[in-house]
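Have a look at run11.tsv below; it lists TSV, C-alpha atoms.
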chain	number	residue	atom	x	y	z
A	11	MET	CA	30.16	0.24	-0.53
A	12	SER	CA	28.57	2.39	-3.12
A	13	ARG	CA	29.57	5.90	-3.80
A	14	ILE	CA	29.27	8.52	-6.42
A	15	ARG	CA	32.27	9.45	-8.43
A	16	LYS	CA	32.59	12.99	-9.52
A	17	GLN	CA	32.79	13.43	-13.23
A	18	ARG	CA	31.27	15.83	-15.72
A	19	ALA	CA	27.70	14.66	-15.69
A	20	ALA	CA	24.13	15.42	-15.70
A	21	GLN	CA	20.95	16.66	-14.32
A	22	SER	CA	18.35	15.29	-16.56
A	23	ALA	CA	17.80	12.12	-18.42
A	24	SER	CA	15.40	12.22	-21.25
A	25	THR	CA	13.29	10.09	-23.43
A	26	ASP	CA	11.15	11.41	-26.22
A	27	PRO	CA	9.11	14.09	-24.46
A	28	ARG	CA	6.25	13.76	-26.87
A	29	ALA	CA	6.02	10.03	-26.52
A	30	MET	CA	3.36	9.99	-23.83
A	31	PRO	CA	2.22	12.11	-20.95
A	32	ASP	CA	3.12	9.11	-19.01
A	33	ARG	CA	2.37	7.59	-15.69
A	34	VAL	CA	5.78	6.11	-16.07
A	35	ALA	CA	5.16	2.61	-14.91
A	36	GLY	CA	8.59	1.71	-16.20
A	37	LEU	CA	10.24	4.27	-13.98
A	38	ARG	CA	8.99	2.82	-10.75
A	39	ALA	CA	11.65	1.01	-8.82
A	40	PRO	CA	11.93	-2.47	-10.30
A	41	ALA	CA	10.54	-5.11	-7.96
A	42	GLN	CA	13.98	-6.64	-7.87
A	43	GLU	CA	17.32	-5.20	-8.66
A	44	PRO	CA	18.19	-6.53	-12.11
A	45	VAL	CA	21.08	-8.97	-12.22
A	46	LEU	CA	24.09	-7.27	-13.74
A	47	ASP	CA	27.15	-9.27	-14.61
A	48	GLU	CA	30.72	-8.06	-14.33
A	49	ILE	CA	30.77	-6.75	-17.90
A	50	ASP	CA	27.59	-4.74	-17.39
A	51	ARG	CA	29.05	-3.15	-14.29
A	52	ARG	CA	32.27	-2.27	-16.04
A	53	LEU	CA	30.32	-0.71	-18.89
A	54	ILE	CA	28.14	1.36	-16.61
A	55	ASN	CA	31.10	2.50	-14.56
A	56	ALA	CA	33.15	3.36	-17.62
A	57	PHE	CA	30.61	5.07	-19.86
A	58	GLN	CA	28.41	7.46	-17.93
A	59	GLY	CA	30.39	10.03	-19.85
A	60	GLY	CA	33.18	10.16	-22.36
A	61	PHE	CA	31.52	8.18	-25.11
A	62	PRO	CA	33.57	9.09	-28.19
A	63	ILE	CA	32.55	11.20	-31.15
A	64	CYS	CA	33.99	9.47	-34.20
A	65	GLU	CA	32.94	7.26	-37.08
A	66	ARG	CA	32.85	4.00	-35.10
A	67	PRO	CA	32.41	5.12	-31.47
A	68	PHE	CA	31.11	1.77	-30.24
A	69	GLN	CA	34.18	0.05	-31.64
A	70	VAL	CA	36.52	2.57	-30.03
A	71	ALA	CA	34.66	2.37	-26.71
A	72	ALA	CA	34.51	-1.42	-26.83
A	73	GLU	CA	38.25	-1.72	-27.38
A	74	THR	CA	39.04	0.17	-24.20
A	75	LEU	CA	37.21	-2.58	-22.32
A	76	GLY	CA	38.47	-5.50	-24.39
A	77	LEU	CA	35.09	-6.09	-26.00
A	78	ASP	CA	33.96	-5.98	-29.60
A	79	GLU	CA	31.62	-3.46	-31.16
A	80	GLU	CA	28.73	-5.86	-31.66
A	81	THR	CA	28.83	-7.01	-28.05
A	82	LEU	CA	28.86	-3.45	-26.73
A	83	ILE	CA	25.86	-2.44	-28.84
A	84	ALA	CA	23.95	-5.55	-27.77
A	85	ARG	CA	24.76	-4.94	-24.09
A	86	ILE	CA	23.61	-1.33	-24.20
A	87	ASP	CA	20.43	-2.37	-25.98
A	88	ALA	CA	19.74	-5.01	-23.32
A	89	LEU	CA	20.43	-2.59	-20.44
A	90	LEU	CA	18.01	-0.07	-21.98
A	91	LYS	CA	15.32	-2.73	-22.44
A	92	ALA	CA	15.78	-3.97	-18.87
A	93	GLY	CA	15.34	-0.42	-17.56
A	94	VAL	CA	18.82	-0.34	-16.03
A	95	LEU	CA	19.55	2.63	-18.25
A	96	THR	CA	16.95	5.32	-18.80
A	97	ARG	CA	18.86	6.60	-21.80
A	98	PHE	CA	21.99	6.30	-23.87
A	99	GLY	CA	23.34	9.38	-25.60
A	100	PRO	CA	24.12	13.05	-25.04
A	101	LEU	CA	22.81	14.78	-21.93
A	102	PHE	CA	21.91	18.38	-22.57
A	103	ASN	CA	22.20	21.34	-20.24
A	104	ALA	CA	18.95	23.29	-20.50
A	105	ASP	CA	20.51	26.49	-19.19
A	106	ARG	CA	23.07	26.57	-21.97
A	107	MET	CA	20.39	26.03	-24.56
A	108	GLY	CA	18.56	29.14	-23.54
A	109	GLY	CA	15.92	27.28	-21.56
A	110	VAL	CA	14.82	27.55	-17.94
A	111	ASN	CA	14.31	24.95	-15.23
A	112	VAL	CA	12.44	25.74	-12.04
A	113	LEU	CA	12.16	23.36	-9.10
A	114	ALA	CA	8.76	23.51	-7.44
A	115	ALA	CA	6.78	21.69	-4.78
A	116	MET	CA	3.21	21.15	-3.66
A	117	SER	CA	1.60	19.92	-0.47
A	118	LEU	CA	-1.23	17.60	-1.48
A	119	PRO	CA	-3.65	15.61	0.66
A	120	PRO	CA	-3.36	11.85	0.08
A	121	ALA	CA	-6.93	11.55	-1.20
A	122	LYS	CA	-6.24	13.98	-4.06
A	123	PHE	CA	-2.63	13.08	-4.67
A	124	GLU	CA	-2.95	10.62	-7.55
A	125	ASN	CA	-5.41	12.69	-9.55
A	126	ILE	CA	-3.40	15.86	-9.26
A	127	VAL	CA	-0.17	14.04	-10.11
A	128	GLU	CA	-1.79	12.73	-13.24
A	129	PHE	CA	-2.83	16.24	-14.19
A	130	VAL	CA	0.60	17.69	-13.40
A	131	ASN	CA	2.32	15.02	-15.47
A	132	LEU	CA	0.09	15.80	-18.44
A	133	GLN	CA	1.68	19.22	-18.76
A	134	PRO	CA	4.53	18.94	-21.25
A	135	GLU	CA	6.50	21.62	-19.38
A	136	ILE	CA	6.78	19.36	-16.33
A	137	ALA	CA	9.95	17.28	-16.54
A	138	HIS	CA	10.98	15.33	-13.45
A	139	ASN	CA	8.32	14.68	-10.85
A	140	TYR	CA	8.93	12.89	-7.57
A	141	GLN	CA	6.87	12.00	-4.56
A	142	ARG	CA	8.84	12.85	-1.41
A	143	GLU	CA	8.26	12.22	2.27
A	144	HIS	CA	7.50	15.67	3.64
A	145	ALA	CA	4.55	18.03	4.07
A	146	LEU	CA	5.64	19.21	0.64
A	147	ASN	CA	5.06	15.77	-0.85
A	148	LEU	CA	5.28	16.49	-4.59
A	149	TRP	CA	8.44	17.91	-6.17
A	150	PHE	CA	8.78	18.60	-9.85
A	151	VAL	CA	10.73	20.64	-12.36
A	152	GLY	CA	9.11	23.01	-14.82
A	153	ALA	CA	11.19	23.39	-17.98
A	154	ALA	CA	10.54	25.67	-20.92
A	155	GLU	CA	12.17	28.15	-23.24
A	156	THR	CA	11.26	31.14	-21.07
A	157	PRO	CA	10.55	31.84	-17.40
A	158	GLU	CA	7.14	33.18	-18.43
A	159	LYS	CA	6.18	29.88	-19.97
A	160	VAL	CA	7.18	27.95	-16.84
A	161	GLU	CA	5.24	30.43	-14.73
A	162	ALA	CA	2.16	30.09	-16.95
A	163	THR	CA	2.24	26.32	-16.49
A	164	PHE	CA	2.57	26.64	-12.73
A	165	ALA	CA	-0.28	29.14	-12.60
A	166	TYR	CA	-2.45	26.82	-14.68
A	167	ILE	CA	-1.73	23.87	-12.36
A	168	GLU	CA	-2.55	26.04	-9.34
A	169	SER	CA	-5.84	27.21	-10.81
A	170	VAL	CA	-7.01	23.75	-11.84
A	171	SER	CA	-5.81	21.87	-8.75
A	172	GLY	CA	-6.69	24.57	-6.22
A	173	PHE	CA	-3.36	24.08	-4.42
A	174	PRO	CA	-0.44	26.50	-4.31
A	175	ILE	CA	2.90	25.75	-5.91
A	176	TYR	CA	6.01	26.67	-3.95
A	177	ARG	CA	8.72	27.84	-6.33
A	178	PHE	CA	12.38	27.17	-5.67
A	179	PRO	CA	14.28	28.62	-8.63
A	180	LYS	CA	17.98	28.08	-8.32
A	181	GLU	CA	19.83	31.18	-7.17
A	182	ARG	CA	23.22	29.64	-7.51
A	183	GLU	CA	24.56	26.31	-8.76
A	184	PHE	CA	27.49	24.98	-6.77
A	185	PHE	CA	27.80	21.58	-8.36
A	186	VAL	CA	26.01	19.28	-10.82
A	187	GLU	CA	27.68	16.00	-11.68
A	188	LEU	CA	26.20	12.63	-11.10
A	189	LYS	CA	27.88	9.32	-11.65
A	190	LEU	CA	26.49	6.23	-10.00
A	191	GLU	CA	28.67	3.25	-9.39
A	192	ALA	CA	27.15	-0.05	-10.48
B	18	MET	CA	20.03	33.84	-25.49
B	19	SER	CA	20.76	30.46	-26.82
B	20	ASN	CA	24.14	29.34	-28.07
B	21	LEU	CA	22.45	27.18	-30.64
B	22	ASP	CA	21.57	27.79	-34.24
B	23	ALA	CA	18.72	26.11	-36.12
B	24	ILE	CA	20.85	23.16	-37.20
B	25	ASP	CA	22.03	22.60	-33.63
B	26	PHE	CA	18.43	22.49	-32.48
B	27	ARG	CA	17.59	19.89	-35.10
B	28	LEU	CA	20.60	17.91	-33.96
B	29	VAL	CA	19.58	18.14	-30.32
B	30	ALA	CA	16.04	17.06	-31.21
B	31	ALA	CA	17.39	14.09	-33.18
B	32	CYS	CA	19.48	12.97	-30.18
B	33	GLN	CA	16.83	13.53	-27.51
B	34	ALA	CA	15.69	9.94	-27.42
B	35	GLY	CA	19.31	8.79	-27.45
B	36	LEU	CA	21.99	7.82	-29.94
B	37	PRO	CA	21.05	5.18	-32.52
B	38	LEU	CA	22.48	1.80	-31.55
B	39	THR	CA	24.20	1.19	-34.85
B	40	PRO	CA	27.93	0.98	-35.61
B	41	ARG	CA	27.97	4.50	-37.10
B	42	PRO	CA	25.48	6.44	-34.96
B	43	TYR	CA	26.63	9.92	-35.97
B	44	HIS	CA	26.43	8.93	-39.61
B	45	ALA	CA	22.90	7.67	-39.03
B	46	ILE	CA	21.90	11.00	-37.50
B	47	ALA	CA	23.58	12.88	-40.35
B	48	GLU	CA	21.62	10.90	-42.88
B	49	ARG	CA	18.37	11.54	-41.07
B	50	LEU	CA	19.00	15.29	-40.98
B	51	GLY	CA	20.53	15.66	-44.43
B	52	LEU	CA	23.88	16.77	-43.01
B	53	THR	CA	27.37	15.39	-43.53
B	54	PRO	CA	28.74	13.12	-40.79
B	55	ASP	CA	31.66	15.51	-40.33
B	56	GLU	CA	29.32	18.38	-39.65
B	57	VAL	CA	27.32	16.35	-37.11
B	58	MET	CA	30.49	15.32	-35.28
B	59	ALA	CA	31.96	18.82	-35.37
B	60	ARG	CA	28.76	20.28	-33.92
B	61	MET	CA	28.57	17.59	-31.24
B	62	ASN	CA	32.18	18.35	-30.27
B	63	ALA	CA	31.43	22.08	-30.14
B	64	MET	CA	28.38	21.51	-27.92
B	65	LEU	CA	30.44	19.33	-25.58
B	66	GLU	CA	33.05	22.06	-25.36
B	67	ASN	CA	30.64	24.89	-24.66
B	68	GLY	CA	28.66	22.85	-22.14
B	69	VAL	CA	25.40	22.51	-24.07
B	70	ILE	CA	26.09	18.78	-23.87
B	71	ARG	CA	27.13	17.88	-20.35
B	72	ARG	CA	28.34	14.43	-21.34
B	73	ILE	CA	27.65	11.56	-23.72
B	74	GLY	CA	27.01	8.09	-22.41
B	75	MET	CA	24.77	5.92	-20.29
B	76	VAL	CA	22.17	7.35	-17.95
B	77	PRO	CA	21.40	4.71	-15.34
B	78	ASN	CA	18.11	4.41	-13.51
B	79	HIS	CA	19.09	4.98	-9.86
B	80	TYR	CA	16.65	2.42	-8.57
B	81	ALA	CA	17.82	-0.27	-10.98
B	82	LEU	CA	21.37	0.08	-9.65
B	83	GLY	CA	20.12	-0.27	-6.10
B	84	TYR	CA	20.25	3.41	-5.20
B	85	THR	CA	16.94	3.39	-3.40
B	86	ALA	CA	17.78	6.04	-0.79
B	87	ASN	CA	17.79	9.16	-2.94
B	88	GLY	CA	17.81	11.95	-0.43
B	89	MET	CA	17.40	15.65	-0.99
B	90	THR	CA	19.23	17.06	2.01
B	91	VAL	CA	18.17	20.61	2.79
B	92	TRP	CA	19.80	23.10	5.12
B	93	ASP	CA	19.00	26.43	6.70
B	94	VAL	CA	22.37	28.15	6.42
B	95	ALA	CA	23.25	31.67	7.50
B	96	ASP	CA	22.93	33.95	4.45
B	97	ALA	CA	26.36	35.44	4.98
B	98	ARG	CA	28.01	32.03	4.71
B	99	VAL	CA	25.84	30.01	2.35
B	100	ASP	CA	27.85	30.69	-0.82
B	101	GLU	CA	31.20	29.82	0.70
B	102	LEU	CA	29.77	26.71	2.35
B	103	GLY	CA	27.77	25.71	-0.74
B	104	GLU	CA	31.01	25.52	-2.70
B	105	ARG	CA	32.49	23.23	-0.08
B	106	ILE	CA	29.42	21.00	0.10
B	107	GLY	CA	29.40	20.75	-3.71
B	108	ARG	CA	32.93	19.36	-3.58
B	109	LEU	CA	32.03	16.49	-1.24
B	110	PRO	CA	32.46	13.30	-3.29
B	111	PHE	CA	28.96	11.94	-2.61
B	112	VAL	CA	27.00	15.12	-3.45
B	113	SER	CA	25.62	15.01	-7.00
B	114	HIS	CA	23.76	18.34	-7.16
B	115	CYS	CA	24.14	21.36	-4.91
B	116	TYR	CA	22.19	24.61	-5.19
B	117	ARG	CA	21.24	27.71	-3.28
B	118	ARG	CA	17.49	28.29	-3.52
B	119	PRO	CA	15.04	30.69	-1.86
B	120	ARG	CA	13.48	29.96	1.50
B	121	ASN	CA	9.69	29.93	1.78
B	122	PRO	CA	8.95	30.35	5.50
B	123	PRO	CA	7.38	29.08	7.62
B	124	LEU	CA	6.89	25.85	5.68
B	125	TRP	CA	10.34	25.94	4.11
B	126	PRO	CA	13.22	27.53	6.01
B	127	TYR	CA	15.97	25.90	3.91
B	128	ASN	CA	18.23	27.68	1.44
B	129	LEU	CA	20.87	25.05	0.58
B	130	PHE	CA	19.98	21.86	-1.30
B	131	ALA	CA	22.36	18.91	-1.73
B	132	MET	CA	21.33	15.61	-3.35
B	133	VAL	CA	22.83	12.36	-2.10
B	134	HIS	CA	22.29	8.91	-3.55
B	135	ALA	CA	22.75	5.86	-1.36
B	136	LYS	CA	21.74	2.23	-1.28
B	137	ASN	CA	20.09	2.59	2.10
B	138	ARG	CA	18.97	5.31	4.46
B	139	ALA	CA	21.69	4.64	7.01
B	140	GLN	CA	24.25	5.50	4.34
B	141	ALA	CA	22.28	8.58	3.26
B	142	ARG	CA	22.16	9.75	6.89
B	143	ALA	CA	25.89	9.19	7.21
B	144	TYR	CA	26.40	11.45	4.19
B	145	ALA	CA	24.11	14.04	5.74
B	146	ASP	CA	26.16	13.88	8.93
B	147	GLU	CA	29.28	14.70	6.92
B	148	ILE	CA	27.52	17.69	5.39
B	149	ALA	CA	26.37	18.80	8.83
B	150	ALA	CA	29.95	18.62	10.08
B	151	VAL	CA	31.08	20.99	7.32
B	152	LEU	CA	28.24	23.43	7.92
B	153	ALA	CA	28.73	23.28	11.69
B	154	ASP	CA	27.19	26.23	13.51
B	155	ALA	CA	26.31	28.09	10.30
B	156	CYS	CA	23.38	25.65	9.97
B	157	ARG	CA	20.29	26.25	12.07
B	158	GLN	CA	18.15	23.29	10.99
B	159	SER	CA	18.02	20.63	8.31
B	160	ASP	CA	16.00	17.77	6.85
B	161	ILE	CA	16.33	14.89	4.37
B	162	LEU	CA	13.51	14.36	1.88
B	163	TYR	CA	13.60	10.88	0.39
B	164	SER	CA	11.91	10.26	-2.92
B	165	SER	CA	9.37	7.52	-2.46
B	166	ARG	CA	8.34	7.40	-6.12
B	167	MET	CA	9.57	8.67	-9.43
B	168	LEU	CA	6.39	9.91	-11.12
B	169	LYS	CA	7.79	11.32	-14.34
B	170	LYS	CA	11.20	11.68	-15.90
B	171	THR	CA	11.14	13.14	-19.37
B	172	GLY	CA	14.06	15.48	-19.05
B	173	LEU	CA	14.48	18.36	-21.43
B	174	ARG	CA	11.85	19.60	-23.71
B	175	LEU	CA	12.84	21.50	-26.75
B	176	VAL	CA	11.65	24.35	-28.77
B	177	ASP	CA	10.10	22.58	-31.74

Now, as a test, write the supplied structure out as structure tokens.
Amino acid sequence: MSRIRKQRAAQSASTDPRAMPDRVAGLRAPAQEPVLDEIDRRLINAFQGGFPICERPFQVAAETLGLDEETLIARIDALLKAGVLTRFGPLFNADRMGGVNVLAAMSLPPAKFENIVEFVNLQPEIAHNYQREHALNLWFVGAAETPEKVEATFAYIESVSGFPIYRFPKEREFFVELKLEA
Amino acid sequence: MSNLDAIDFRLVAACQAGLPLTPRPYHAIAERLGLTPDEVMARMNAMLENGVIRRIGMVPNHYALGYTANGMTVWDVADARVDELGERIGRLPFVSHCYRRPRNPPLWPYNLFAMVHAKNRAQARAYADEIAAVLADACRQSDILYSSRMLKKTGLRLVD
């Protein structure tokens, strides 16, 4: 049975934000679950955090699992290319960097959904964006250096799309740590 | 009010796409930024300690690991009790994110959000049942919103 282990972890994965205002084909659920072998699973379970900071971190990390450096690097590279990992590296906490994240939602009719999503995704301030099964069927996060900048982006999306954005800024954070067991 | 200086920001920007997959990744970053490897590693350690970096490692794609039932469970909890109960819900082993957020009635009566990740909806519902048991009569109504599609995931954007 799968479960989530609590460990210091993360809210947001990230690729190069300037790379493309993407439609994120690669982030759709893969048609089939990729085949992971025992070593892949051990790696994923062991290194969702705690990757060392030292001259040869891959070597140090590999040794704890009885692997060699070259194998570990090749495995991580393959997992990234297969889309099993969205990222490998440090995960940053926007709040601590002086930035702001605001969760928001829209209720869009199916006929306009795809076009508006494409427009929403084009805004660089929009980070995560998910379709969810609810009257509020689009949920995204606006992230910027200031609350005003997030608000300006939301107002712009509202004016162009003609649909209101429901804002759900966090009032209190009780817990943020995600570790998925492979 | 950022904890970061200009060099930290350059470092964060250099790591945004991930660590280089080379035997000496911090040295590679140092070279790219014109810093010494020791300075890069010291700054990374400091950012880990002060929480600017939450962690360093692999970020799996939920779907690729079979976590297809990603449910945002949402709860309408009595205002007087939501903070105390939010702390307890956040400690449940299967809850990855837990926040108090504003209601937006009538469409949105919920003020407590807890994310659960499961390999099927039966499991996600079982998790929600455990949350409901903790909230008990402090909860008036609830829902689970499953994500049917990930449309964008770029994560943080930085001040350039």

Contact residues around Phe98 of chain A with only C-alpha atoms at 10 Å, ignoring same-chain residues under 2 positions, as a ChimeraX atom specification = /A:23-25,57-58,61,86-87,89-90,95-96,100-101 /B:32-38,73-77

Any chance you could tabulate, as CSV, the residues of chain B at most 6 Å from chain A with each one's nearest atom pair and distance in Å to one decimal, using all atoms listed in the file, in chain and rising number order?
residue,atom,partner,partner_atom,distance
B:Met18,CA,A:Gly108,CA,5.3
B:Ser19,CA,A:Gly108,CA,4.2
B:Ala34,CA,A:Thr25,CA,4.7
B:Gly35,CA,A:Gly99,CA,4.5
B:Leu36,CA,A:Gly99,CA,4.8
B:Pro40,CA,A:Arg66,CA,5.8
B:Arg41,CA,A:Arg66,CA,5.3
B:Val69,CA,A:Asn103,CA,5.1
B:Ile70,CA,A:Phe102,CA,4.4
B:Arg71,CA,A:Leu101,CA,5.5
B:Arg72,CA,A:Gly59,CA,5.1
B:Ile73,CA,A:Pro100,CA,4.1
B:Gly74,CA,A:Gly59,CA,4.7
B:Met75,CA,A:Phe98,CA,4.5
B:Val76,CA,A:Arg97,CA,5.1
B:Pro77,CA,A:Leu95,CA,4.0
B:Asn78,CA,A:Leu95,CA,5.3
B:Tyr80,CA,A:Ala39,CA,5.2
B:Ala81,CA,A:Val94,CA,5.1
B:Leu82,CA,A:Ala192,CA,5.8
B:Glu104,CA,A:Phe184,CA,5.4
B:Gly107,CA,A:Phe185,CA,5.0
B:Phe111,CA,A:Ile14,CA,5.1
B:Ser113,CA,A:Leu188,CA,4.8
B:His114,CA,A:Val186,CA,4.4
B:Cys115,CA,A:Phe185,CA,5.0
B:Tyr116,CA,A:Glu183,CA,4.6
B:Arg117,CA,A:Arg182,CA,5.1
B:Arg118,CA,A:Lys180,CA,4.8
B:Pro119,CA,A:Phe178,CA,5.8
B:Leu162,CA,A:Glu143,CA,5.7
B:Tyr163,CA,A:Arg142,CA,5.5
B:Ser164,CA,A:Arg142,CA,4.3
B:Ser165,CA,A:Arg142,CA,5.5
B:Arg166,CA,A:Gln141,CA,5.1
B:Met167,CA,A:Tyr140,CA,4.7
B:Leu168,CA,A:Asn139,CA,5.2
B:Lys169,CA,A:Asn139,CA,4.9
B:Lys170,CA,A:His138,CA,4.4
B:Thr171,CA,A:Ser24,CA,4.7
B:Gly172,CA,A:Ser24,CA,4.2

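Take atom CA of Gln140 of chain B and atom CA of Val112 of chain A: the distance between them is 28.6 Å.
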
For Ile49 of chain A, which residue among A:Leu77, A:Ala121, A:Ile167, A:Ala71 is the nearest when counting all atoms listed in the file?
->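 Of all the options, A:Leu77 lies closest to Ile49 of chain A.
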
Using atom CA of Met64 of chain B and atom CA of Val29 of chain B as the two end points, give the distance in Å to one decimal.
->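 Atom CA of Met64 of chain B sits 9.7 Å away from atom CA of Val29 of chain B.
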
N, CA and C atoms are what I want for segment 39-53 of chain B; can you complete it accordingly and write them as a tab-separated table (two decimals), in the frame of the given file?
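Below is the file that was written, rebuild17.tsv:
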chain	number	residue	atom	x	y	z
B	39	THR	N	23.66	1.77	-33.61
B	39	THR	CA	24.20	1.19	-34.85
B	39	THR	C	25.69	1.53	-34.87
B	40	PRO	N	26.47	0.77	-35.64
B	40	PRO	CA	27.93	0.98	-35.61
B	40	PRO	C	28.35	2.42	-35.91
B	41	ARG	N	27.61	3.11	-36.77
B	41	ARG	CA	27.97	4.50	-37.10
B	41	ARG	C	26.82	5.44	-36.71
B	42	PRO	N	26.66	5.68	-35.41
B	42	PRO	CA	25.48	6.44	-34.96
B	42	PRO	C	25.45	7.89	-35.46
B	43	TYR	N	26.63	8.52	-35.53
B	43	TYR	CA	26.63	9.92	-35.97
B	43	TYR	C	26.33	10.02	-37.47
B	44	HIS	N	26.77	8.99	-38.20
B	44	HIS	CA	26.43	8.93	-39.61
B	44	HIS	C	24.93	8.73	-39.79
B	45	ALA	N	24.34	7.91	-38.93
B	45	ALA	CA	22.90	7.67	-39.03
B	45	ALA	C	22.12	8.97	-38.78
B	46	ILE	N	22.57	9.73	-37.79
B	46	ILE	CA	21.90	11.00	-37.50
B	46	ILE	C	22.08	11.97	-38.68
B	47	ALA	N	23.29	11.99	-39.22
B	47	ALA	CA	23.58	12.88	-40.35
B	47	ALA	C	22.64	12.57	-41.51
B	48	GLU	N	22.47	11.30	-41.76
B	48	GLU	CA	21.62	10.90	-42.88
B	48	GLU	C	20.18	11.34	-42.64
B	49	ARG	N	19.73	11.16	-41.41
B	49	ARG	CA	18.37	11.54	-41.07
B	49	ARG	C	18.14	13.05	-41.25
B	50	LEU	N	19.17	13.83	-40.95
B	50	LEU	CA	19.00	15.29	-40.98
B	50	LEU	C	19.48	15.92	-42.29
B	51	GLY	N	20.02	15.10	-43.18
B	51	GLY	CA	20.53	15.66	-44.43
B	51	GLY	C	21.81	16.47	-44.24
B	52	LEU	N	22.61	16.09	-43.25
B	52	LEU	CA	23.88	16.77	-43.01
B	52	LEU	C	25.02	15.80	-43.35
B	53	THR	N	26.24	16.31	-43.37
B	53	THR	CA	27.37	15.39	-43.53
B	53	THR	C	27.76	14.87	-42.14
